[in-house]
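Input: a single structure, listed below in structure tokens.
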Amino acid sequence: MSDAPNINRSTEHAFGGIGGGPPLLSLPLMLIAAVWCFKLGGPPGVLGGAGLIVLFLLTSCGFYSLQPNEAYVVTLFGTYVGTDRRTGLRWVLPWYGRKKISLRVRNVTSETLKVNDKRGNPIEIAANIVWRVSDTAQALFDVDDYVTFVNIQIETGLRETASHYAYDHDDSGEPTLRADAAHVGDRLEKDLRTRIAVAGVAIDEAHLMHLAYAPEIAGSMLKRQQAEAVLAARRTIVAGAVGMVEHALQQLSERDVVVLDDERRAAMVSNLLVVLCADREAQPVVNTGTLYG
């Protein structure tokens with residue numbers, strides 16, 4: 001059994017007032033009727049006029065307007081009644097509480113965090129998250145402040161995701177932060193969807209914005225990357241040189257240009273590899289003798 005408290009999650013449902021047109025048209029009629037009552041005089045007229053003025057003020061307090069991708073959450077004495085997403089001028093009984101909430105897409109770039117990757121190397125990482133409110137009831141009633149909640153969960157999710165990947169490739173062939181940013185972004189997006197579902201928030205997109213080694217190891221890691229690049233280039237050069245030497249020997253043999261015994265063949269292979277793999281241009285040497293002195 002779980003010791004976690006059983007929290008009743010809120011669920012959004014539609015509720016709202018009526019279109020604001022008819023109540024708006026009724027306001028001048030109330031004023032005219034109130035003036036007419038005051039002109040009649042006497043207690044009935046004064047009471048009627050005062051009542052119409054009070055009704056005018058109450059009616060005026062019930063108006064609200066909604067733009068596209070906005071909503072009003074309606075409550076009654078602290079109880080959630082429903083959410084109105086219909087745009088335009090709206091009107092509801094004035095004793096209903098109303099709180100506006102934006103449904104528009106929000107773009108958040110997290111702060112640059114220093115975390116440890118899968119190998120334990122300190123790195124700096126930041127992400128860009130696109131999110132929006134999908135359930136207004138959960139956003140307002142199931143978390144204290146849904147914007148702050150989302151920002152904290154973005155940081156937590158980014159730290160958790162980064163710890164599952166190495167910064168750069170190794171011999172295992174697993175995805176890395178640098179080479180597989182799209183894969184990492186997909187995992188971060190799925191992780192955040194799980195984390196912030198309680199807040200009624202939907203994640204539309206997540207991807208890395210900044211990735212670098214921490215300053216204290218950046219120099220050492222750069223040297224290692226440069227060394228790996230040099231070794232990879234050398235492997236390519238040697239592989240190509242071996243192929244060229246093999247092809248040269250094959251052509252010499254097929255065309256009977258020269259007959260080489262094993263010792264001369266070895267010397268020729270050595271000389272060709274030195275020429276092809278050297279960093280500097282080859283310096284020709286004229287041999288006036290023989291290979292055997």
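Residues in the structure tokens are named by chain (A, B, ... in the order shown) and by number from 1 within that chain; ligands are numbered from 1 in the order shown.
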
Original post:
What's the 6 Å shell around A:Tyr165, counting only C-alpha atoms, without same-chain residues fewer than 3 positions away, as an MDAnalysis selection string?
Top reply: chainID A and resid 117:118 162 176

Original post:
Could you name the residues that touch A:Leu57 at 12 Å or less, counting only C-alpha atoms, but leaving out those on the same chain fewer than 6 positions away, as a list in words?
Top reply: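 Surrounding residues, per the criterion: Pro23, Leu24, Ser26, Leu27, Pro28, Met30, Leu31, Ala50, Gly51, Phe63, Leu93 and Pro94 of chain A.
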
For the selection you just gave me, I'd like the residues written to a file as a JSON list (two decimals), in the first residue's frame, keeping C-alpha atoms.
[["chain", "number", "residue", "atom", "x", "y", "z"],
["A", 23, "PRO", "CA", -27.46, 42.66, -20.26],
["A", 24, "LEU", "CA", -25.56, 45.54, -21.80],
["A", 26, "SER", "CA", -30.64, 46.54, -20.34],
["A", 27, "LEU", "CA", -28.37, 49.01, -18.51],
["A", 28, "PRO", "CA", -29.68, 52.21, -20.16],
["A", 30, "MET", "CA", -32.60, 50.56, -15.98],
["A", 31, "LEU", "CA", -31.27, 54.11, -15.76],
["A", 50, "ALA", "CA", -33.04, 53.04, -5.57],
["A", 51, "GLY", "CA", -33.74, 49.39, -6.33],
["A", 63, "PHE", "CA", -19.49, 41.61, -17.32],
["A", 93, "LEU", "CA", -24.38, 36.66, -12.05],
["A", 94, "PRO", "CA", -22.18, 39.06, -10.08]]

Original post:
Quick one: residues within 8 Å of A:Asn69, only C-alpha atoms counted, chain neighbours fewer than 6 positions away excluded, as a PyMOL selection string?
Top reply: chain A and resi 85+102-104

Please report as a Markdown table every residue of stretch 116-180 of chain A lying within 10 Å of stretch 71-77 of chain A, along with the nearest atom pair and their distance in Å (one decimal), using only C-alpha atoms.
| residue | atom | partner | partner_atom | distance |
| --- | --- | --- | --- | --- |
| A:Thr136 | CA | A:Val73 | CA | 7.1 |
| A:Ala137 | CA | A:Val73 | CA | 7.4 |
| A:Leu140 | CA | A:Val73 | CA | 8.6 |

Just N, CA and C atoms for this one: save the residues we selected as a short mmCIF file (atom, residue, chain, number, x, y, z; two decimals), in the first residue's frame.
data_model
loop_
_atom_site.label_atom_id
_atom_site.label_comp_id
_atom_site.auth_asym_id
_atom_site.auth_seq_id
_atom_site.Cartn_x
_atom_site.Cartn_y
_atom_site.Cartn_z
N THR A 136 -7.75 23.96 -17.16
CA THR A 136 -7.70 25.13 -16.29
C THR A 136 -7.99 24.80 -14.84
N ALA A 137 -8.85 23.83 -14.60
CA ALA A 137 -9.18 23.47 -13.22
C ALA A 137 -7.97 22.89 -12.50
N LEU A 140 -5.25 25.66 -11.74
CA LEU A 140 -5.53 26.62 -10.66
C LEU A 140 -5.74 25.97 -9.30
#

Subject >> Residue nearest A:Leu208 - candidates A:Val147, A:His247, A:Arg119, A:Thr109, atoms counted: only C-alpha atoms >> reply: A:Thr109

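With only C-alpha atoms as the basis for measurement, A:Ser163 is the residue among A:Gln153, A:Gln138, A:Thr87, A:Ser163 that approaches A:Lys114 most closely.
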
Original post:
Neighbours of A:Ile154 within 7 Å (only C-alpha atoms; same-chain residues fewer than 4 positions away dropped), as a PyMOL selection string?
Top reply: chain A and resi 150+158+192

**OP:** Please provide as a PyMOL selection string all residues within 12 Å of A:Glu155, with the sequence filter that same-chain residues fewer than 4 positions apart are discarded (counting only C-alpha atoms).
**Re:** chain A and resi 108-115+125-129+148-151+159-162+188+191-192+195-196

Keeping only N, CA and C atoms, take the residues you just selected and write them out as a compact mmCIF listing (two decimals), in the first residue's frame.
# COMPACT_ATOMS: atom_id res chain seq x y z
N VAL A 108 9.61 28.74 -22.96
CA VAL A 108 10.48 28.91 -21.81
C VAL A 108 11.86 28.34 -22.13
N THR A 109 12.88 29.13 -21.90
CA THR A 109 14.26 28.66 -21.98
C THR A 109 14.79 28.55 -20.56
N SER A 110 15.16 27.37 -20.18
CA SER A 110 15.62 27.14 -18.81
C SER A 110 16.95 27.82 -18.56
N GLU A 111 17.27 27.99 -17.30
CA GLU A 111 18.59 28.49 -16.95
C GLU A 111 19.65 27.44 -17.29
N THR A 112 20.86 27.90 -17.55
CA THR A 112 21.95 26.97 -17.82
C THR A 112 22.34 26.26 -16.53
N LEU A 113 22.20 24.95 -16.52
CA LEU A 113 22.44 24.15 -15.33
C LEU A 113 23.77 23.43 -15.44
N LYS A 114 24.45 23.26 -14.32
CA LYS A 114 25.65 22.44 -14.27
C LYS A 114 25.26 21.10 -13.67
N VAL A 115 25.38 20.04 -14.48
CA VAL A 115 24.99 18.71 -14.05
C VAL A 115 26.10 17.73 -14.43
N ILE A 125 24.16 22.65 -19.39
CA ILE A 125 23.07 22.28 -20.29
C ILE A 125 21.87 23.19 -20.05
N ALA A 126 21.15 23.50 -21.11
CA ALA A 126 19.91 24.28 -21.03
C ALA A 126 18.97 23.76 -22.10
N ALA A 127 17.68 23.96 -21.89
CA ALA A 127 16.67 23.45 -22.82
C ALA A 127 15.60 24.50 -23.08
N ASN A 128 14.95 24.37 -24.21
CA ASN A 128 13.82 25.21 -24.56
C ASN A 128 12.55 24.36 -24.55
N ILE A 129 11.56 24.81 -23.80
CA ILE A 129 10.32 24.06 -23.63
C ILE A 129 9.14 24.91 -24.11
N THR A 148 5.23 28.53 -11.61
CA THR A 148 6.40 28.16 -10.81
C THR A 148 6.60 26.65 -10.80
N PHE A 149 5.51 25.91 -10.70
CA PHE A 149 5.58 24.45 -10.70
C PHE A 149 6.21 23.94 -11.99
N VAL A 150 5.78 24.48 -13.12
CA VAL A 150 6.32 24.04 -14.41
C VAL A 150 7.81 24.36 -14.50
N ASN A 151 8.21 25.56 -14.09
CA ASN A 151 9.63 25.94 -14.18
C ASN A 151 10.51 25.03 -13.33
N ARG A 159 17.75 17.84 -15.44
CA ARG A 159 18.83 17.19 -14.68
C ARG A 159 18.71 15.67 -14.78
N GLU A 160 17.50 15.16 -14.64
CA GLU A 160 17.30 13.71 -14.69
C GLU A 160 17.65 13.15 -16.07
N THR A 161 17.22 13.82 -17.11
CA THR A 161 17.48 13.34 -18.47
C THR A 161 18.97 13.36 -18.80
N ALA A 162 19.65 14.46 -18.42
CA ALA A 162 21.08 14.58 -18.72
C ALA A 162 21.90 13.49 -18.05
N LEU A 188 13.25 13.97 -22.91
CA LEU A 188 12.94 15.07 -21.99
C LEU A 188 11.47 15.44 -22.09
N ASP A 191 9.38 12.83 -20.30
CA ASP A 191 9.57 12.93 -18.85
C ASP A 191 8.79 14.11 -18.28
N LEU A 192 8.82 15.25 -18.98
CA LEU A 192 8.12 16.44 -18.49
C LEU A 192 6.61 16.25 -18.55
N ARG A 195 5.71 14.49 -15.47
CA ARG A 195 5.93 15.28 -14.25
C ARG A 195 4.87 16.36 -14.04
N ILE A 196 4.44 17.01 -15.11
CA ILE A 196 3.56 18.16 -14.94
C ILE A 196 2.12 17.88 -15.34

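Using only C-alpha atoms, the contacts of A:Ala199 at a cut-off of 7 Å, with sequence neighbours closer than 2 positions omitted, comprise Gln138, Ala139, Asp142, Val143, Tyr146, Ile196, Ala197 and Val201 of chain A.
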
For the selection you just gave me, I'd like the residues written to a file as a compact mmCIF listing (two decimals), in the first residue's frame, keeping C-alpha atoms.
# COMPACT_ATOMS: atom_id res chain seq x y z
CA GLN A 138 -6.05 21.43 -12.54
CA ALA A 139 -3.79 24.42 -13.23
CA ASP A 142 -4.29 21.16 -8.02
CA VAL A 143 -1.00 23.08 -7.68
CA TYR A 146 1.31 26.33 -11.99
CA ILE A 196 3.56 18.16 -14.94
CA ALA A 197 0.40 16.29 -15.90
CA VAL A 201 -0.22 21.54 -18.57

Original post:
Mind pulling up the distance from atom CA of A:Val133 to atom CA of A:Ser10?
Top reply: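 Atom CA of A:Val133 lies at a distance of 13.9 Å from atom CA of A:Ser10.
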